[in-house]
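Participant: Please find one structure pasted underneath; my questions will follow.
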Amino acid sequence: MKAIFIVGPTATGKSHLALTLAKKFNGCIINCDSIQFYNKLKIGSAAPDQAEMNQVPHYLYSYVNPPQEMTAGQFLRDFHDLIENNKDLKSPLIIVGGTGFYVQALEKGMFNVPEINRELKIQIEAEIKEYGNEKAFKELIEFDPETKIHINDAYRIGRALEVKRAFNLKMSELKMQALLNEDTDNKFKLPFPFIKIGIDLDREILKQNIASRTKMMLKNGLIDEVKSLIDEGHADWAPLSSVGYFEVKEFLAGRIDKVDLEDQINLSTRQLTKKQRTWFKRDLEISWLKSNQTEILNFVEEFLQES
RNA sequence: GGGCAGGUGCCCGAGUGGCUAAAGGGGACAGACUGUAAAUCUGUUGGCUUCGGUCUUCGAAGGUUCGAAUCCUUCCCUGCCCA
């Protein structure tokens, strides 16, 4: 078994490339996009359509339903379950997605943190909300003076406090343990050879792609997709605060004018691609290839021929 | 032609004599990131600098003042109202 990661900013044609490669090399496609997991978020996440899914086996797409929320850890478990138990999986696995954190999880594994009970999470969240970051941060910094978490980063402070209160462990300790004792998390690392291909476009072209993609999403019923989720009572579902969905929610709540909706989505999408670049830029093992078909095909072919 | 409001850095916008290279927001750029990650958070954002400074900047030109984005004069432009 071999794997090919296809990563990079959104709207660069990664999914299309994945399809081409999977057909050409008789492989299958695995999702590594944090929104395309969700069953009811197809339009706004630009998930592959049925026609595309029929051409090549696609895994880990559209399988999570509200109010269930995905986590990197759960995704990693789902992925391992898939590669260990699904005998139909065909090599190469083409792993596509723009979510750097999830790509990292599949590739390098995650140090294991046992499940933290819901009450504690809710309680900490409420405490931070009520007493502010400072109090929570104080608790954190006294426990873990080395922490690099910023006082304003309420989400990370909360998570670190969960781990502290539940297990009396520091995030930095866990990280260090994982680094020193490779065995503990080795089992989650991707257990076969792989390459990472990065796809990016000139910013001006990408801007145009984003614009036409947004237009298409709106035309295809993005607003209705959101509306029906809200009608079903999922307005607070976390993934609805992602790019596109958030703006539509704002529009439905009357906080964005219809005329501004499209521009807002375009803007947020561009800002997303910026962050995706920042993430992937630091991974020096990614081979950045222009969407030049032959170049990519040769590169992949060479990799697949290595024993 | 008359009245009123206004012209501020990439944009919006605060400032109405010194503490102002000028609040705040947006955008842009750069960055962090192990269970929300399309989330969350951080830094920078006039030029030069030996980092102590220094030069240019708030529609334009003049003027008052030790000192002006802030006061005065004229001019140009924008919006609304009256002719």
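Each chain of the structure tokens is named A, B, ... in the order shown, its residues numbered from 1; ligands are numbered from 1 in display order.
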What lies within 8 Å of Lys196 in chain A using only C-alpha atoms (C1' of nucleotides), ignoring chain neighbours under 4 positions off, as a list in words?

Facilitator: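 Here the answer would be Ile4, Phe5, Ile6, Val7, Glu285, Ile286 and Ser287 of chain A.
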
Participant: Would you kindly report the residues of chain B within 12 Å of chain A, using only C-alpha atoms (C1' of nucleotides), as JSON, numbers by chain?

Facilitator: {"B": [26, 27, 28, 29, 30, 31, 32, 33, 34, 35, 36, 37, 38, 39, 40, 41, 42]}

Participant: Select from range 29-137 of chain A everything DSSP, run on the backbone, classes as strand (DSSP E), then give the selection as a ChimeraX atom specification.

Facilitator: /A:29-31,58-59,93-96

Participant: Based on the selection just made, write C-alpha atoms of those residues as a compact mmCIF listing (two decimals), in the first residue's frame.

Facilitator:
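See result20.txt below for the written result:
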```txt
# COMPACT_ATOMS: atom_id res chain seq x y z
CA ILE A 29 -9.70 8.63 -2.75
CA ILE A 30 -9.76 9.51 0.91
CA ASN A 31 -11.08 12.76 2.26
CA HIS A 58 -14.31 7.66 -2.19
CA TYR A 59 -13.91 7.17 1.56
CA LEU A 93 -4.65 5.96 -1.46
CA ILE A 94 -5.09 9.44 -2.76
CA ILE A 95 -5.60 11.54 0.35
CA VAL A 96 -6.99 14.94 -0.59
```

Participant: Record the distance separating CA of Phe299 in chain A and CA of Ile199 in chain A, expressed in Å with one decimal.

Facilitator: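 One can read the CA of Phe299 in chain A to CA of Ile199 in chain A distance as 13.3 Å.
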
Participant: Could you pull out the residues in range 84-270 of chain A that DSSP calls helix (DSSP H, G or I) from the backbone, as a short mmCIF file (atom, residue, chain, number, x, y, z; two decimals) with N, CA and C atoms, in the first residue's frame?

Facilitator:
```cif
data_model
loop_
_atom_site.label_atom_id
_atom_site.label_comp_id
_atom_site.auth_asym_id
_atom_site.auth_seq_id
_atom_site.Cartn_x
_atom_site.Cartn_y
_atom_site.Cartn_z
N GLU A 84 -7.33 -0.67 8.24
CA GLU A 84 -7.11 -1.99 8.83
C GLU A 84 -8.19 -2.98 8.44
N ASN A 85 -9.38 -2.48 8.25
CA ASN A 85 -10.50 -3.41 8.08
C ASN A 85 -11.11 -3.47 6.69
N GLY A 100 -4.74 21.29 6.99
CA GLY A 100 -3.38 20.92 7.38
C GLY A 100 -3.32 20.10 8.66
N PHE A 101 -4.12 20.50 9.60
CA PHE A 101 -4.11 19.83 10.89
C PHE A 101 -4.50 18.35 10.74
N TYR A 102 -5.44 18.06 9.89
CA TYR A 102 -5.88 16.69 9.70
C TYR A 102 -4.88 15.91 8.86
N VAL A 103 -4.27 16.59 7.92
CA VAL A 103 -3.21 15.96 7.14
C VAL A 103 -2.08 15.53 8.09
N GLN A 104 -1.73 16.45 8.94
CA GLN A 104 -0.68 16.17 9.92
C GLN A 104 -1.06 14.99 10.82
N ALA A 105 -2.32 14.95 11.22
CA ALA A 105 -2.77 13.86 12.08
C ALA A 105 -2.59 12.51 11.38
N LEU A 106 -3.00 12.43 10.13
CA LEU A 106 -2.86 11.16 9.40
C LEU A 106 -1.40 10.80 9.21
N GLU A 107 -0.62 11.77 8.89
CA GLU A 107 0.77 11.50 8.57
C GLU A 107 1.59 11.15 9.80
N LYS A 108 1.48 11.99 10.82
CA LYS A 108 2.37 11.84 11.97
C LYS A 108 1.71 11.23 13.19
N ARG A 118 -17.99 15.22 29.00
CA ARG A 118 -18.68 16.40 28.48
C ARG A 118 -18.95 17.46 29.54
N GLU A 119 -19.28 17.00 30.73
CA GLU A 119 -19.61 17.96 31.79
C GLU A 119 -18.43 18.89 32.06
N LEU A 120 -17.25 18.31 32.12
CA LEU A 120 -16.06 19.10 32.41
C LEU A 120 -15.83 20.14 31.32
N LYS A 121 -15.96 19.69 30.07
CA LYS A 121 -15.78 20.62 28.95
C LYS A 121 -16.74 21.79 29.06
N ILE A 122 -18.00 21.45 29.29
CA ILE A 122 -19.02 22.49 29.37
C ILE A 122 -18.75 23.43 30.53
N GLN A 123 -18.33 22.84 31.64
CA GLN A 123 -18.07 23.65 32.83
C GLN A 123 -16.94 24.63 32.58
N ILE A 124 -15.86 24.14 31.98
CA ILE A 124 -14.71 25.03 31.72
C ILE A 124 -15.09 26.13 30.74
N GLU A 125 -15.82 25.74 29.73
CA GLU A 125 -16.26 26.73 28.75
C GLU A 125 -17.08 27.84 29.43
N ALA A 126 -17.97 27.40 30.31
CA ALA A 126 -18.82 28.35 31.01
C ALA A 126 -18.01 29.24 31.93
N GLU A 127 -17.04 28.65 32.60
CA GLU A 127 -16.19 29.44 33.50
C GLU A 127 -15.46 30.53 32.75
N ILE A 128 -14.89 30.16 31.61
CA ILE A 128 -14.14 31.15 30.83
C ILE A 128 -15.08 32.26 30.37
N LYS A 129 -16.25 31.84 29.97
CA LYS A 129 -17.21 32.82 29.50
C LYS A 129 -17.60 33.78 30.63
N GLU A 130 -17.78 33.21 31.80
CA GLU A 130 -18.24 34.05 32.90
C GLU A 130 -17.14 34.89 33.53
N TYR A 131 -15.99 34.28 33.78
CA TYR A 131 -14.93 35.01 34.50
C TYR A 131 -13.85 35.57 33.60
N ASN A 133 -10.93 35.33 30.24
CA ASN A 133 -9.71 34.57 29.94
C ASN A 133 -8.68 34.65 31.06
N GLU A 134 -8.62 35.80 31.69
CA GLU A 134 -7.52 36.04 32.61
C GLU A 134 -7.47 35.03 33.73
N LYS A 135 -8.63 34.77 34.30
CA LYS A 135 -8.67 33.83 35.41
C LYS A 135 -8.25 32.44 34.94
N ALA A 136 -8.79 32.03 33.80
CA ALA A 136 -8.45 30.72 33.26
C ALA A 136 -6.97 30.65 32.91
N PHE A 137 -6.49 31.73 32.34
CA PHE A 137 -5.09 31.75 31.93
C PHE A 137 -4.18 31.66 33.15
N LYS A 138 -4.61 32.31 34.23
CA LYS A 138 -3.83 32.27 35.47
C LYS A 138 -3.71 30.84 35.97
N GLU A 139 -4.82 30.14 35.96
CA GLU A 139 -4.80 28.74 36.38
C GLU A 139 -3.83 27.94 35.51
N LEU A 140 -3.88 28.22 34.22
CA LEU A 140 -3.04 27.48 33.29
C LEU A 140 -1.56 27.78 33.50
N ILE A 141 -1.23 29.06 33.60
CA ILE A 141 0.19 29.43 33.66
C ILE A 141 0.82 29.01 34.98
N GLU A 142 0.00 28.94 36.03
CA GLU A 142 0.53 28.46 37.31
C GLU A 142 0.83 26.97 37.25
N PHE A 143 0.01 26.28 36.51
CA PHE A 143 0.19 24.84 36.38
C PHE A 143 1.30 24.52 35.37
N ALA A 154 -8.83 31.70 23.99
CA ALA A 154 -9.72 31.05 24.95
C ALA A 154 -9.92 29.56 24.63
N TYR A 155 -9.98 29.25 23.36
CA TYR A 155 -10.20 27.87 22.98
C TYR A 155 -9.06 26.96 23.44
N ARG A 156 -7.84 27.39 23.20
CA ARG A 156 -6.70 26.56 23.59
C ARG A 156 -6.51 26.54 25.11
N ILE A 157 -6.79 27.66 25.75
CA ILE A 157 -6.70 27.68 27.21
C ILE A 157 -7.69 26.67 27.77
N GLY A 158 -8.89 26.68 27.23
CA GLY A 158 -9.93 25.76 27.68
C GLY A 158 -9.49 24.31 27.52
N ARG A 159 -8.98 24.00 26.39
CA ARG A 159 -8.54 22.63 26.13
C ARG A 159 -7.42 22.22 27.09
N ALA A 160 -6.48 23.12 27.32
CA ALA A 160 -5.37 22.80 28.21
C ALA A 160 -5.88 22.59 29.64
N LEU A 161 -6.88 23.36 30.02
CA LEU A 161 -7.44 23.19 31.36
C LEU A 161 -8.22 21.88 31.48
N GLU A 162 -8.85 21.49 30.41
CA GLU A 162 -9.53 20.19 30.43
C GLU A 162 -8.53 19.10 30.73
N VAL A 163 -7.43 19.12 30.02
CA VAL A 163 -6.42 18.08 30.19
C VAL A 163 -5.81 18.16 31.59
N LYS A 164 -5.64 19.37 32.06
CA LYS A 164 -5.10 19.54 33.41
C LYS A 164 -6.04 18.95 34.46
N ARG A 165 -7.29 19.38 34.40
CA ARG A 165 -8.22 18.96 35.46
C ARG A 165 -8.57 17.49 35.37
N ALA A 166 -8.64 16.98 34.15
CA ALA A 166 -9.03 15.58 34.01
C ALA A 166 -7.88 14.63 34.34
N PHE A 167 -6.67 14.97 33.93
CA PHE A 167 -5.56 14.01 34.07
C PHE A 167 -4.34 14.57 34.78
N MET A 171 -0.08 20.01 28.47
CA MET A 171 -0.01 19.79 27.02
C MET A 171 1.44 19.66 26.59
N SER A 172 2.27 20.51 27.15
CA SER A 172 3.69 20.48 26.75
C SER A 172 4.34 19.16 27.16
N GLU A 173 3.87 18.60 28.31
CA GLU A 173 4.40 17.31 28.76
C GLU A 173 4.02 16.20 27.79
N LEU A 174 2.77 16.23 27.41
CA LEU A 174 2.28 15.21 26.48
C LEU A 174 3.08 15.24 25.19
N LYS A 175 3.30 16.46 24.73
CA LYS A 175 4.03 16.63 23.49
C LYS A 175 5.45 16.09 23.64
N MET A 176 6.06 16.44 24.75
CA MET A 176 7.43 16.02 24.99
C MET A 176 7.51 14.50 25.09
N GLN A 177 6.57 13.92 25.84
CA GLN A 177 6.53 12.46 25.96
C GLN A 177 6.43 11.79 24.61
N ALA A 178 5.59 12.37 23.79
CA ALA A 178 5.38 11.79 22.47
C ALA A 178 6.67 11.86 21.65
N LEU A 179 7.39 12.96 21.82
CA LEU A 179 8.63 13.12 21.07
C LEU A 179 9.71 12.16 21.56
N LEU A 180 9.78 12.01 22.88
CA LEU A 180 10.83 11.17 23.45
C LEU A 180 10.53 9.69 23.28
N GLU A 182 8.83 7.49 21.08
CA GLU A 182 8.19 7.35 19.78
C GLU A 182 7.14 6.25 19.74
N ASP A 183 7.37 5.20 20.52
CA ASP A 183 6.48 4.04 20.43
C ASP A 183 5.03 4.37 20.77
N THR A 184 4.84 5.22 21.75
CA THR A 184 3.47 5.47 22.19
C THR A 184 2.57 5.98 21.08
N ASP A 185 3.13 6.79 20.19
CA ASP A 185 2.22 7.26 19.16
C ASP A 185 2.60 6.78 17.77
N ASN A 186 3.67 5.98 17.70
CA ASN A 186 4.08 5.47 16.41
C ASN A 186 2.97 4.71 15.70
N ARG A 203 -2.23 33.88 -7.31
CA ARG A 203 -3.30 34.43 -6.46
C ARG A 203 -4.46 35.04 -7.25
N GLU A 204 -4.12 35.65 -8.37
CA GLU A 204 -5.16 36.28 -9.17
C GLU A 204 -6.10 35.23 -9.77
N ILE A 205 -5.51 34.15 -10.24
CA ILE A 205 -6.32 33.08 -10.82
C ILE A 205 -7.17 32.41 -9.74
N LEU A 206 -6.54 32.22 -8.59
CA LEU A 206 -7.27 31.60 -7.49
C LEU A 206 -8.46 32.46 -7.08
N LYS A 207 -8.25 33.76 -7.09
CA LYS A 207 -9.33 34.69 -6.75
C LYS A 207 -10.51 34.50 -7.70
N GLN A 208 -10.20 34.33 -8.97
CA GLN A 208 -11.27 34.11 -9.94
C GLN A 208 -11.97 32.77 -9.71
N ASN A 209 -11.16 31.75 -9.44
CA ASN A 209 -11.75 30.43 -9.15
C ASN A 209 -12.71 30.52 -7.97
N ILE A 210 -12.27 31.22 -6.95
CA ILE A 210 -13.09 31.35 -5.75
C ILE A 210 -14.39 32.06 -6.09
N ALA A 211 -14.29 33.13 -6.86
CA ALA A 211 -15.48 33.89 -7.22
C ALA A 211 -16.49 33.03 -7.97
N SER A 212 -16.01 32.24 -8.92
CA SER A 212 -16.98 31.47 -9.69
C SER A 212 -17.51 30.30 -8.87
N ARG A 213 -16.69 29.81 -7.97
CA ARG A 213 -17.12 28.72 -7.12
C ARG A 213 -18.21 29.19 -6.15
N THR A 214 -18.04 30.38 -5.60
CA THR A 214 -19.06 30.92 -4.69
C THR A 214 -20.37 31.12 -5.44
N LYS A 215 -20.25 31.69 -6.62
CA LYS A 215 -21.44 31.92 -7.43
C LYS A 215 -22.19 30.61 -7.65
N MET A 216 -21.42 29.59 -7.97
CA MET A 216 -22.00 28.27 -8.22
C MET A 216 -22.68 27.71 -6.98
N MET A 217 -22.02 27.87 -5.84
CA MET A 217 -22.60 27.35 -4.59
C MET A 217 -23.95 28.01 -4.30
N LEU A 218 -24.00 29.32 -4.49
CA LEU A 218 -25.24 30.03 -4.22
C LEU A 218 -26.33 29.59 -5.19
N LYS A 219 -25.91 29.41 -6.42
CA LYS A 219 -26.86 28.97 -7.43
C LYS A 219 -27.36 27.55 -7.13
N LEU A 222 -26.93 26.85 -1.72
CA LEU A 222 -26.24 26.95 -0.43
C LEU A 222 -27.14 27.50 0.67
N ILE A 223 -27.92 28.52 0.30
CA ILE A 223 -28.77 29.14 1.32
C ILE A 223 -29.79 28.14 1.87
N ASP A 224 -30.37 27.35 0.97
CA ASP A 224 -31.34 26.35 1.43
C ASP A 224 -30.68 25.27 2.28
N GLU A 225 -29.46 24.94 1.91
CA GLU A 225 -28.73 23.92 2.67
C GLU A 225 -28.61 24.37 4.13
N VAL A 226 -28.27 25.64 4.30
CA VAL A 226 -28.12 26.18 5.65
C VAL A 226 -29.47 26.32 6.33
N LYS A 227 -30.42 26.83 5.58
CA LYS A 227 -31.75 27.06 6.15
C LYS A 227 -32.34 25.78 6.71
N SER A 228 -32.21 24.69 5.98
CA SER A 228 -32.85 23.48 6.47
C SER A 228 -32.13 22.95 7.71
N LEU A 229 -30.82 23.16 7.78
CA LEU A 229 -30.12 22.75 9.00
C LEU A 229 -30.58 23.57 10.20
N ILE A 230 -30.77 24.85 9.96
CA ILE A 230 -31.23 25.71 11.04
C ILE A 230 -32.65 25.31 11.46
N ASP A 231 -33.49 25.03 10.45
CA ASP A 231 -34.86 24.60 10.75
C ASP A 231 -34.87 23.31 11.57
N ALA A 238 -21.16 23.36 15.25
CA ALA A 238 -19.86 24.00 15.01
C ALA A 238 -19.49 24.20 13.53
N PRO A 239 -19.64 23.17 12.70
CA PRO A 239 -19.22 23.38 11.31
C PRO A 239 -19.99 24.46 10.57
N LEU A 240 -21.10 24.88 11.12
CA LEU A 240 -21.81 25.98 10.47
C LEU A 240 -21.13 27.33 10.70
N SER A 241 -20.04 27.32 11.43
CA SER A 241 -19.32 28.59 11.51
C SER A 241 -18.11 28.59 10.58
N TYR A 245 -20.74 28.94 5.18
CA TYR A 245 -21.88 28.64 6.04
C TYR A 245 -22.12 29.76 7.04
N PHE A 246 -21.04 30.26 7.59
CA PHE A 246 -21.16 31.34 8.57
C PHE A 246 -21.84 32.56 7.94
N GLU A 247 -21.36 32.91 6.75
CA GLU A 247 -21.90 34.10 6.09
C GLU A 247 -23.39 33.92 5.77
N VAL A 248 -23.75 32.73 5.32
CA VAL A 248 -25.16 32.50 5.02
C VAL A 248 -26.00 32.60 6.29
N LYS A 249 -25.46 32.06 7.36
CA LYS A 249 -26.16 32.16 8.64
C LYS A 249 -26.36 33.62 9.02
N GLU A 250 -25.34 34.41 8.82
CA GLU A 250 -25.43 35.84 9.12
C GLU A 250 -26.49 36.51 8.24
N PHE A 251 -26.48 36.10 7.00
CA PHE A 251 -27.48 36.64 6.07
C PHE A 251 -28.89 36.27 6.52
N LEU A 252 -29.08 35.01 6.87
CA LEU A 252 -30.41 34.56 7.29
C LEU A 252 -30.84 35.26 8.58
N LYS A 258 -28.20 40.83 1.33
CA LYS A 258 -28.11 39.87 0.22
C LYS A 258 -27.03 40.26 -0.78
N VAL A 259 -26.97 41.56 -1.08
CA VAL A 259 -25.99 42.01 -2.08
C VAL A 259 -24.54 41.81 -1.62
N ASP A 260 -24.33 41.76 -0.32
CA ASP A 260 -22.97 41.62 0.19
C ASP A 260 -22.57 40.18 0.45
N LEU A 261 -23.56 39.30 0.45
CA LEU A 261 -23.30 37.92 0.83
C LEU A 261 -22.20 37.28 -0.01
N GLU A 262 -22.36 37.39 -1.31
CA GLU A 262 -21.40 36.74 -2.21
C GLU A 262 -19.97 37.27 -1.98
N ASP A 263 -19.85 38.59 -1.89
CA ASP A 263 -18.53 39.18 -1.66
C ASP A 263 -17.93 38.73 -0.34
N GLN A 264 -18.77 38.65 0.65
CA GLN A 264 -18.30 38.22 1.97
C GLN A 264 -17.75 36.81 1.92
N ILE A 265 -18.47 35.95 1.23
CA ILE A 265 -18.00 34.57 1.13
C ILE A 265 -16.69 34.51 0.37
N ASN A 266 -16.62 35.27 -0.72
CA ASN A 266 -15.38 35.32 -1.48
C ASN A 266 -14.21 35.75 -0.61
N LEU A 267 -14.44 36.80 0.14
CA LEU A 267 -13.39 37.32 1.01
C LEU A 267 -12.94 36.27 2.02
N SER A 268 -13.89 35.68 2.72
CA SER A 268 -13.53 34.68 3.72
C SER A 268 -12.80 33.50 3.10
N THR A 269 -13.22 33.16 1.89
CA THR A 269 -12.56 32.03 1.24
C THR A 269 -11.12 32.37 0.91
N ARG A 270 -10.92 33.58 0.44
CA ARG A 270 -9.54 34.01 0.14
C ARG A 270 -8.71 34.02 1.41
#
```

Participant: I want to know what sits within 12 Å of range 63-65 of chain B, based on only C-alpha atoms (C1' of nucleotides), with residues of the same chain fewer than 2 positions away left out; could you give that as a list in words?

Facilitator: G17, G18, A61, G67, A68, C71, C72, U73 and U74 of chain B
